[in-house]
file input.txt (compact mmCIF, C-alpha atoms and all ligand atoms)
# COMPACT_ATOMS: atom_id res chain seq x y z
CA MET R 1 32.78 253.87 56.54
CA ASN R 2 32.91 250.81 54.35
CA TRP R 3 29.79 250.65 52.28
CA ASP R 4 29.33 247.20 50.95
CA ASP R 5 26.76 247.99 48.34
CA THR R 6 28.69 247.04 45.24
CA SER R 7 27.91 243.34 45.42
CA ASP R 8 26.69 241.66 42.29
CA ALA R 9 23.05 242.58 42.22
CA THR R 10 22.04 240.01 39.69
CA ALA R 11 23.54 236.57 39.79
CA PRO R 12 22.24 235.56 43.21
CA GLU R 13 18.74 236.37 42.04
CA ARG R 14 19.18 233.71 39.39
CA LEU R 15 19.98 231.16 42.09
CA ALA R 16 17.31 232.25 44.50
CA ASP R 17 14.60 232.70 41.92
CA PRO R 18 15.19 229.73 39.65
CA ALA R 19 11.64 229.43 38.42
CA GLY R 20 11.12 233.14 38.06
CA GLU R 21 8.28 232.89 40.56
CA ARG R 22 8.14 236.60 41.25
CA LEU R 23 6.36 238.85 38.83
CA VAL R 24 9.36 241.15 39.09
CA GLY R 25 11.96 238.35 38.99
CA SER R 26 14.44 238.83 36.18
CA VAL R 27 14.90 235.14 35.34
CA ALA R 28 12.68 233.81 32.54
CA ASP R 29 9.71 231.70 33.60
CA ARG R 30 7.83 229.28 31.36
CA ASP R 31 5.33 231.90 30.36
CA ASP R 32 8.13 234.27 29.31
CA GLN R 33 9.82 231.57 27.27
CA ALA R 34 6.62 230.98 25.34
CA VAL R 35 6.31 234.61 24.19
CA GLU R 36 9.87 235.90 24.22
CA ALA R 37 10.72 234.49 20.83
CA ALA R 38 7.96 236.58 19.29
CA LEU R 39 9.12 239.74 21.05
CA ARG R 40 12.83 239.56 20.31
CA PRO R 41 14.25 242.32 18.13
CA ARG R 42 15.69 240.74 14.97
CA ASP R 43 18.43 243.22 14.11
CA LEU R 44 20.57 245.91 15.72
CA ASP R 45 18.28 248.69 14.50
CA GLU R 46 15.33 247.14 16.30
CA PHE R 47 17.33 246.59 19.49
CA ILE R 48 16.40 249.37 21.92
CA GLY R 49 18.92 251.17 24.16
CA GLN R 50 22.48 250.00 25.01
CA GLU R 51 23.67 252.60 22.51
CA LYS R 52 27.40 252.11 23.07
CA VAL R 53 27.21 248.33 22.87
CA ARG R 54 25.14 248.57 19.71
CA GLU R 55 27.50 251.00 18.04
CA GLN R 56 30.60 249.00 18.91
CA LEU R 57 29.05 245.70 17.91
CA ASP R 58 27.83 247.20 14.67
CA LEU R 59 31.43 248.14 13.81
CA VAL R 60 32.79 244.72 14.79
CA LEU R 61 30.22 242.93 12.63
CA LYS R 62 30.41 245.25 9.64
CA ALA R 63 34.20 245.01 9.58
CA ALA R 64 34.10 241.21 9.78
CA ARG R 65 31.54 241.10 6.98
CA ALA R 66 33.62 243.41 4.81
CA ARG R 67 36.65 241.15 5.30
CA GLY R 68 34.54 238.10 4.57
CA ALA R 69 35.71 236.77 7.92
CA THR R 70 34.03 235.18 10.90
CA ALA R 71 33.29 237.73 13.63
CA ASP R 72 35.52 237.85 16.71
CA HIS R 73 34.37 236.08 19.86
CA VAL R 74 32.01 238.25 21.91
CA LEU R 75 31.51 238.31 25.67
CA LEU R 76 28.27 239.82 26.97
CA SER R 77 27.90 240.48 30.66
CA GLY R 78 24.91 241.80 32.56
CA ALA R 79 21.88 240.88 34.61
CA PRO R 80 19.29 238.35 33.42
CA GLY R 81 16.68 239.72 31.04
CA LEU R 82 18.73 242.60 29.60
CA GLY R 83 18.98 241.09 26.13
CA LYS R 84 22.10 238.92 25.97
CA THR R 85 20.38 236.02 24.21
CA THR R 86 18.64 238.47 21.92
CA LEU R 87 21.95 240.11 20.99
CA SER R 88 23.56 236.76 20.26
CA MET R 89 20.74 235.97 17.83
CA ILE R 90 21.16 239.38 16.26
CA ILE R 91 24.90 238.73 15.82
CA ALA R 92 24.10 235.52 13.96
CA ALA R 93 21.42 237.21 11.87
CA GLU R 94 23.69 240.15 10.98
CA MET R 95 26.44 237.71 9.96
CA GLY R 96 23.95 235.58 8.02
CA ALA R 97 25.11 232.63 10.12
CA PRO R 98 23.26 229.85 11.94
CA ILE R 99 23.27 229.85 15.73
CA ARG R 100 23.61 227.05 18.27
CA ILE R 101 22.48 227.77 21.82
CA THR R 102 23.77 226.04 24.92
CA SER R 103 24.76 226.92 28.46
CA GLY R 104 27.63 226.41 30.90
CA PRO R 105 25.72 224.13 33.25
CA ALA R 106 24.81 221.87 30.30
CA ILE R 107 28.50 221.33 29.55
CA GLN R 108 29.88 219.39 32.46
CA HIS R 109 32.38 217.24 30.56
CA ALA R 110 34.95 218.27 28.01
CA GLY R 111 33.42 215.61 25.76
CA ASP R 112 30.08 217.48 25.76
CA LEU R 113 31.84 220.54 24.45
CA ALA R 114 33.92 218.57 21.94
CA SER R 115 30.81 217.10 20.38
CA ILE R 116 29.17 220.52 20.04
CA LEU R 117 32.30 222.16 18.64
CA SER R 118 32.99 219.38 16.17
CA SER R 119 29.53 219.69 14.68
CA LEU R 120 29.66 223.47 14.11
CA GLN R 121 29.50 224.79 10.56
CA GLU R 122 31.91 227.40 9.26
CA GLY R 123 30.95 230.85 10.60
CA GLU R 124 28.33 229.48 12.98
CA VAL R 125 27.59 231.40 16.18
CA LEU R 126 27.82 229.35 19.36
CA PHE R 127 25.92 231.05 22.17
CA LEU R 128 27.15 229.84 25.54
CA ASP R 129 24.91 231.24 28.28
CA GLU R 130 26.17 231.27 31.87
CA ILE R 131 29.65 230.62 30.59
CA HIS R 132 31.05 231.07 34.12
CA ARG R 133 29.32 227.83 35.15
CA MET R 134 31.19 225.53 32.78
CA SER R 135 33.34 222.76 34.22
CA ARG R 136 37.09 223.33 34.42
CA PRO R 137 38.11 220.71 31.81
CA ALA R 138 35.54 222.07 29.34
CA GLU R 139 36.79 225.58 29.98
CA GLU R 140 40.35 224.52 29.18
CA MET R 141 39.23 222.86 25.98
CA LEU R 142 37.44 226.06 25.05
CA TYR R 143 40.67 228.10 25.33
CA MET R 144 42.26 226.16 22.51
CA ALA R 145 39.09 226.06 20.45
CA MET R 146 38.70 229.83 20.65
CA GLU R 147 42.29 230.60 19.84
CA ASP R 148 43.38 227.94 17.39
CA PHE R 149 40.06 226.47 16.22
CA ARG R 150 41.32 223.12 17.33
CA VAL R 151 40.61 220.72 20.18
CA ASP R 152 42.40 217.68 21.50
CA VAL R 153 39.98 214.83 21.96
CA ILE R 154 41.23 212.39 24.56
CA VAL R 155 40.63 208.78 23.68
CA GLY R 156 41.04 206.08 26.29
CA LYS R 157 41.90 206.36 29.96
CA GLY R 158 44.95 206.34 32.19
CA PRO R 159 48.49 205.90 30.82
CA GLY R 160 47.15 204.59 27.49
CA ALA R 161 45.07 207.70 26.79
CA THR R 162 45.94 209.56 23.62
CA ALA R 163 45.05 213.03 22.44
CA ILE R 164 43.70 213.21 18.92
CA PRO R 165 43.80 216.73 17.49
CA LEU R 166 40.62 217.81 15.75
CA GLU R 167 40.48 220.85 13.45
CA LEU R 168 37.39 223.03 13.84
CA PRO R 169 35.86 225.40 11.32
CA PRO R 170 36.16 229.08 12.31
CA PHE R 171 33.18 230.01 14.49
CA THR R 172 32.10 232.90 16.69
CA LEU R 173 31.65 232.19 20.36
CA VAL R 174 29.19 234.49 22.11
CA GLY R 175 29.59 233.97 25.84
CA ALA R 176 27.08 235.42 28.27
CA THR R 177 27.54 235.85 31.97
CA THR R 178 25.88 237.62 34.85
CA ARG R 179 29.25 237.75 36.55
CA ALA R 180 32.16 238.71 34.33
CA GLY R 181 34.36 238.91 37.43
CA LEU R 182 34.06 235.15 37.89
CA LEU R 183 35.59 234.34 34.53
CA PRO R 184 39.22 233.27 34.65
CA PRO R 185 41.43 235.87 32.92
CA PRO R 186 42.69 233.40 30.25
CA LEU R 187 39.09 232.90 29.14
CA ARG R 188 38.19 236.59 29.31
CA ASP R 189 41.28 237.50 27.30
CA ARG R 190 40.26 235.28 24.41
CA PHE R 191 37.23 237.38 23.59
CA GLY R 192 37.90 239.98 20.91
CA PHE R 193 34.97 242.13 22.02
CA THR R 194 33.51 242.46 25.50
CA ALA R 195 30.35 244.38 26.28
CA HIS R 196 28.71 245.12 29.57
CA MET R 197 24.95 245.54 29.39
CA GLU R 198 23.48 248.13 31.72
CA PHE R 199 20.01 248.32 33.20
CA TYR R 200 17.69 250.30 30.92
CA ALA R 201 16.50 253.85 31.48
CA PRO R 202 12.73 254.31 31.93
CA ALA R 203 12.44 256.04 28.53
CA GLU R 204 14.09 253.04 26.84
CA LEU R 205 11.79 250.62 28.63
CA GLU R 206 8.86 252.72 27.52
CA ARG R 207 9.93 252.08 23.93
CA VAL R 208 10.25 248.36 24.70
CA VAL R 209 6.69 248.37 26.09
CA HIS R 210 5.31 250.21 23.06
CA ARG R 211 7.07 247.84 20.68
CA SER R 212 5.88 244.72 22.50
CA ALA R 213 2.33 246.09 22.76
CA ARG R 214 2.33 246.57 19.01
CA LEU R 215 3.53 243.00 18.43
CA LEU R 216 0.98 241.61 20.89
CA ASP R 217 -1.75 243.76 19.36
CA VAL R 218 -2.45 245.57 22.63
CA GLN R 219 -3.73 249.16 22.74
CA ILE R 220 -1.65 251.30 25.08
CA ASP R 221 -1.21 255.06 25.47
CA THR R 222 2.01 256.93 26.29
CA ALA R 223 1.23 257.35 29.98
CA GLY R 224 0.26 253.68 30.30
CA ALA R 225 3.58 252.58 28.80
CA ALA R 226 5.47 254.98 31.09
CA GLU R 227 3.71 253.56 34.12
CA ILE R 228 4.71 249.99 33.23
CA ALA R 229 8.26 251.05 32.33
CA GLY R 230 8.72 252.78 35.69
CA ARG R 231 7.89 249.58 37.55
CA SER R 232 10.07 247.27 35.44
CA ARG R 233 13.32 247.48 37.40
CA GLY R 234 15.39 248.50 34.39
CA THR R 235 14.78 245.14 32.72
CA PRO R 236 13.03 244.52 29.35
CA ARG R 237 12.00 240.99 30.36
CA ILE R 238 10.14 242.38 33.39
CA ALA R 239 8.61 245.16 31.27
CA ASN R 240 7.24 242.57 28.85
CA ARG R 241 5.91 240.44 31.68
CA LEU R 242 4.19 243.35 33.42
CA LEU R 243 2.71 244.40 30.10
CA ARG R 244 1.10 240.97 29.71
CA ARG R 245 -0.41 241.08 33.20
CA VAL R 246 -1.73 244.61 32.67
CA ARG R 247 -3.15 243.54 29.32
CA ASP R 248 -5.11 240.78 31.12
CA TYR R 249 -6.50 243.29 33.58
CA ALA R 250 -7.43 245.74 30.83
CA GLN R 251 -9.28 242.99 28.97
CA VAL R 252 -11.21 241.68 31.95
CA ARG R 253 -11.94 244.85 33.90
CA ALA R 254 -11.85 247.56 31.23
CA ASP R 255 -12.17 248.00 27.48
CA GLY R 256 -8.76 246.51 26.66
CA THR R 257 -6.85 249.78 26.32
CA ILE R 258 -3.99 250.37 28.74
CA THR R 259 -3.89 253.84 30.28
CA ARG R 260 -1.84 255.08 33.22
CA GLU R 261 -4.74 254.44 35.56
CA ILE R 262 -5.34 250.91 34.29
CA ALA R 263 -1.63 250.08 34.50
CA ALA R 264 -1.30 251.46 38.03
CA THR R 265 -4.44 249.69 39.26
CA ALA R 266 -3.51 246.39 37.60
CA LEU R 267 -0.01 246.40 39.01
CA GLY R 268 -1.47 247.32 42.40
CA VAL R 269 -3.48 244.10 42.19
CA TYR R 270 -0.22 242.23 41.54
CA GLU R 271 1.47 244.10 44.41
CA VAL R 272 4.13 245.76 42.26
CA ASP R 273 4.46 249.31 43.49
CA ALA R 274 5.32 252.53 41.68
CA ARG R 275 9.03 251.85 41.91
CA GLY R 276 8.85 248.17 41.02
CA LEU R 277 9.10 246.81 44.56
CA ASP R 278 7.01 243.73 45.26
CA ARG R 279 5.58 242.33 48.48
CA LEU R 280 8.88 240.82 49.65
CA ASP R 281 10.90 243.97 48.95
CA ARG R 282 8.41 246.07 50.86
CA ALA R 283 8.21 243.61 53.76
CA VAL R 284 11.99 243.89 54.19
CA LEU R 285 11.91 247.68 54.07
CA GLU R 286 8.92 247.92 56.39
CA ALA R 287 10.55 245.65 58.97
CA LEU R 288 13.73 247.68 58.76
CA LEU R 289 11.89 250.96 59.31
CA LYS R 290 9.07 249.97 61.64
CA LEU R 291 10.76 247.40 63.83
CA PHE R 292 14.35 248.61 63.82
CA GLY R 293 13.98 252.35 63.33
CA GLY R 294 15.92 252.18 60.07
CA GLY R 295 18.81 250.05 61.36
CA PRO R 296 21.56 249.11 61.55
CA VAL R 297 20.25 245.61 62.03
CA GLY R 298 21.86 242.26 61.31
CA LEU R 299 20.74 240.26 58.29
CA SER R 300 19.60 237.25 60.37
CA THR R 301 17.45 239.41 62.64
CA LEU R 302 15.91 241.13 59.65
CA ALA R 303 15.19 237.77 58.00
CA VAL R 304 13.45 236.44 61.13
CA ALA R 305 11.38 239.61 61.31
CA VAL R 306 10.02 239.09 57.79
CA GLY R 307 9.65 235.32 58.21
CA GLU R 308 12.03 234.52 55.36
CA GLU R 309 15.30 232.66 55.02
CA ARG R 310 18.43 234.75 55.42
CA GLU R 311 19.43 233.86 51.84
CA THR R 312 16.08 234.97 50.46
CA VAL R 313 16.43 238.41 52.00
CA GLU R 314 20.07 238.72 51.02
CA GLU R 315 19.88 237.30 47.51
CA VAL R 316 16.36 238.03 46.32
CA ALA R 317 15.23 241.25 47.98
CA GLU R 318 18.36 243.17 48.85
CA PRO R 319 20.13 243.51 45.49
CA PHE R 320 17.34 245.60 44.01
CA LEU R 321 16.84 247.61 47.23
CA VAL R 322 20.57 248.41 47.25
CA ARG R 323 20.56 249.28 43.56
CA GLU R 324 17.59 251.59 44.11
CA GLY R 325 19.41 253.34 46.95
CA LEU R 326 16.79 252.27 49.50
CA LEU R 327 18.98 250.06 51.65
CA ALA R 328 22.68 249.99 52.45
CA ARG R 329 24.76 247.07 53.63
CA THR R 330 27.22 248.34 56.20
CA PRO R 331 29.71 246.52 58.41
CA ARG R 332 27.31 247.08 61.32
CA GLY R 333 24.21 245.80 59.58
CA ARG R 334 21.48 246.79 57.18
CA VAL R 335 20.49 250.44 57.15
CA ALA R 336 17.59 252.22 55.48
CA THR R 337 18.43 255.32 53.47
CA PRO R 338 16.41 258.55 53.49
CA ALA R 339 14.85 257.41 50.20
CA ALA R 340 13.45 254.31 51.95
CA TRP R 341 11.61 256.42 54.54
CA ALA R 342 10.28 258.64 51.76
CA HIS R 343 9.21 255.66 49.63
CA LEU R 344 7.11 254.18 52.42
CA GLY R 345 5.75 257.63 53.31
CA MET R 346 7.28 257.55 56.78
CA VAL R 347 9.23 260.07 58.78
CA PRO R 348 12.42 258.86 60.44
CA PRO R 349 12.54 259.22 64.24
CA ARG R 350 14.26 262.37 65.53
CA GLY R 351 18.01 262.08 65.71
CA ALA R 352 18.04 259.07 63.41
CA GLY R 353 20.82 258.94 60.86
CA PRO R 354 18.55 258.84 57.84
CA ALA R 355 17.01 262.22 58.72
CA ALA R 356 20.44 263.72 58.65
CA GLY R 357 21.40 261.83 55.53
CA GLN R 358 23.79 259.68 57.58
CA PRO R 359 22.19 256.26 57.47
CA GLY R 360 25.23 254.47 58.78
CA LEU R 361 25.29 256.49 61.98
CA PHE R 362 21.81 255.53 63.03
CA GLY R 363 21.60 253.73 66.35
CA THR R 364 24.98 254.76 67.66
N1 LIG J 1 17.11 246.01 23.83
C1 LIG J 1 15.94 245.36 23.76
N2 LIG J 1 14.96 245.83 23.01
C2 LIG J 1 13.75 245.20 22.97
N3 LIG J 1 13.47 244.07 23.65
C3 LIG J 1 14.44 243.55 24.40
C4 LIG J 1 15.72 244.17 24.51
N4 LIG J 1 16.49 243.43 25.32
C5 LIG J 1 15.73 242.41 25.73
N5 LIG J 1 14.50 242.47 25.19
C6 LIG J 1 13.40 241.54 25.42
O1 LIG J 1 13.54 240.99 26.73
C7 LIG J 1 13.39 239.58 26.70
C8 LIG J 1 14.56 238.97 27.43
O2 LIG J 1 15.73 239.14 26.66
P1 LIG J 1 16.88 238.04 26.61
O3 LIG J 1 16.30 236.66 26.69
O4 LIG J 1 17.72 238.34 25.43
O5 LIG J 1 17.66 238.36 27.95
P2 LIG J 1 18.98 237.67 28.52
O6 LIG J 1 19.88 238.78 28.97
O7 LIG J 1 19.54 236.71 27.56
O8 LIG J 1 18.44 236.90 29.77
P3 LIG J 1 19.09 235.58 30.46
O9 LIG J 1 20.37 236.04 31.08
O10 LIG J 1 18.05 235.19 31.49
O11 LIG J 1 19.27 234.54 29.40
C9 LIG J 1 13.28 239.17 25.23
O12 LIG J 1 11.99 238.74 24.98
C10 LIG J 1 13.48 240.41 24.43
O13 LIG J 1 12.39 240.57 23.55
call {"tool": "encode", "arguments": {"input": "input.txt", "output": "structure tokens"}}
result
Amino acid sequence: MNWDDTSDATAPERLADPAGERLVGSVADRDDQAVEAALRPRDLDEFIGQEKVREQLDLVLKAARARGATADHVLLSGAPGLGKTTLSMIIAAEMGAPIRITSGPAIQHAGDLASILSSLQEGEVLFLDEIHRMSRPAEEMLYMAMEDFRVDVIVGKGPGATAIPLELPPFTLVGATTRAGLLPPPLRDRFGFTAHMEFYAPAELERVVHRSARLLDVQIDTAGAAEIAGRSRGTPRIANRLLRRVRDYAQVRADGTITREIAATALGVYEVDARGLDRLDRAVLEALLKLFGGGPVGLSTLAVAVGEERETVEEVAEPFLVREGLLARTPRGRVATPAAWAHLGMVPPRGAGPAAGQPGLFGT
């Protein structure tokens, strides 16, 4: 059987959840942006988790510092909210260099990039978020800038156009992408160091919650932090957001201290369940189990059943359900796994695939 559950579980969420409207959405909303600066770790020691990435980056930066050189270009890939922007700022801080922040969609013309590159100082870190969304001409200009610290600025149009070479000071490009697979190989190859950021383990998120609580001056006990961490979908940004909502609840309905019970009750109010599923995720699962006996069912039918657009189900709800092992995408349709039945406290019908641990065979 061809299980199609390896699709990118992150980038579509960025498209489908542009304003970060869901409490468990991983894209930053305005509220996040206002507090995130205060919560960002400032150096590698403060950065929690991602042990391998941290160790490797530490070596890259220390070696560059010892040589008195500019650090190699760094490519960071991973889902939104895992700390790519934070790491780029840490790279600049560790190198004692200034940082300039921009993003692929903001650079639609090669000229936009030329003007940024030509104003960089020696050693400066240029953080280019969503690097896979840059325009083609800008991307080609970047190849030369990364490799030779030089760009050709085209002056004029048509047959009279001339290329004026412009020397650039050495700089470090930190590119971030949710989809490393979308980067053209010539661009990928120009990064000296590439790191893939993984989702965080609950114990790591617990440390993130404790650290943020301390910075926000919120009282929280160990069990309270664990409860929030367990519902944060492996993502520090979500952990910080849930912490703020639970803090509100603790202030208004209790004495301000976050315990397991307060966290669980507060997140119940916000409809984020013990595993981090929200109303939409649960509606999809419930429809799959209650209306279609666990599947297989086609995406369009499932979307109609929950009253959502096909894209919303596919791009917003499904990636996390697949990642959690609650739903599988098969060539014959969407299928609930045994874990989905267990999560909703339901028993699969007799003879159904999920009961036998064979979700894909259900309905045959
Ligand atoms: N390893 C970490 N330790 C502590 N806090 C972290 C860690 N990683 C991320 N955070 C926190 O999570 C928030 C989001 O991180 P950040 O903005 O760096 O994510 P991102 O991957 O750049 O997201 P995006 O792709 O949306 O730009 C920040 O406020 C930061 O404080």
call {"tool": "residues_around", "arguments": {"input": "input.txt", "residues": "R:Val125", "least_positions_apart": "2", "cutoff": "8 Å", "atoms": "only C-alpha atoms", "output": "tab-separated table (two decimals) with C-alpha atoms, in the coordinates of the input"}}
result
chain	number	residue	atom	x	y	z
R	88	SER	CA	23.56	236.76	20.26
R	91	ILE	CA	24.90	238.73	15.82
R	92	ALA	CA	24.10	235.52	13.96
R	97	ALA	CA	25.11	232.63	10.12
R	98	PRO	CA	23.26	229.85	11.94
R	99	ILE	CA	23.27	229.85	15.73
R	100	ARG	CA	23.61	227.05	18.27
R	123	GLY	CA	30.95	230.85	10.60
R	127	PHE	CA	25.92	231.05	22.17
R	171	PHE	CA	33.18	230.01	14.49
R	172	THR	CA	32.10	232.90	16.69
R	173	LEU	CA	31.65	232.19	20.36
R	174	VAL	CA	29.19	234.49	22.11
call {"tool": "residues_near_ligand", "arguments": {"input": "input.txt", "ligand": "ligand LIG 1 (chain J)", "cutoff": "8 Å", "atoms": "all atoms listed in the file", "output": "ChimeraX atom specification"}}
result
/R:26-28,32-33,35-41,46-50,78-88,129-130,176-178,207-208,211-212,235-240
call {"tool": "closest_residue", "arguments": {"input": "input.txt", "among": "R:Glu318, R:Glu227, R:Asp217, R:Glu147", "to": "R:Phe191", "atoms": "only C-alpha atoms"}}
result
R:Glu147
call {"tool": "residues_around", "arguments": {"input": "input.txt", "residues": "stretch 285-300 of chain R", "least_positions_apart": "6", "cutoff": "6 Å", "atoms": "all atoms listed in the file", "output": "PyMOL selection string"}}
result
chain R and resi 310+333-336
call {"tool": "atom_distance", "arguments": {"input": "input.txt", "atom1": "atom CA of R:Met197", "atom2": "atom CA of R:Val218"}}
result
28.2 Å
call {"tool": "residues_around", "arguments": {"input": "input.txt", "residues": "R:Thr194", "least_positions_apart": "5", "cutoff": "8 Å", "atoms": "all atoms listed in the file", "output": "ChimeraX atom specification"}}
result
/R:74-77
call {"tool": "decode", "arguments": {"input": "input.txt", "residues": "stretch 56-74 of chain R", "atoms": "C-alpha atoms", "output": "short mmCIF file (atom, residue, chain, number, x, y, z; two decimals), in the first residue's frame"}}
result
data_model
loop_
_atom_site.label_atom_id
_atom_site.label_comp_id
_atom_site.auth_asym_id
_atom_site.auth_seq_id
_atom_site.Cartn_x
_atom_site.Cartn_y
_atom_site.Cartn_z
CA GLN R 56 27.22 21.95 14.88
CA LEU R 57 26.45 25.65 14.68
CA ASP R 58 28.56 26.31 17.74
CA LEU R 59 31.54 24.72 15.96
CA VAL R 60 30.91 26.64 12.73
CA LEU R 61 30.73 29.96 14.57
CA LYS R 62 33.64 29.35 16.93
CA ALA R 63 35.87 28.31 14.05
CA ALA R 64 34.93 31.39 12.01
CA ARG R 65 35.58 33.61 15.02
CA ALA R 66 38.96 32.00 15.63
CA ARG R 67 39.93 32.63 12.00
CA GLY R 68 38.66 36.19 12.23
CA ALA R 69 36.46 35.36 9.26
CA THR R 70 32.83 35.87 8.39
CA ALA R 71 30.75 32.76 9.13
CA ASP R 72 29.68 30.50 6.26
CA HIS R 73 26.19 30.91 4.84
CA VAL R 74 23.61 28.97 6.86
#
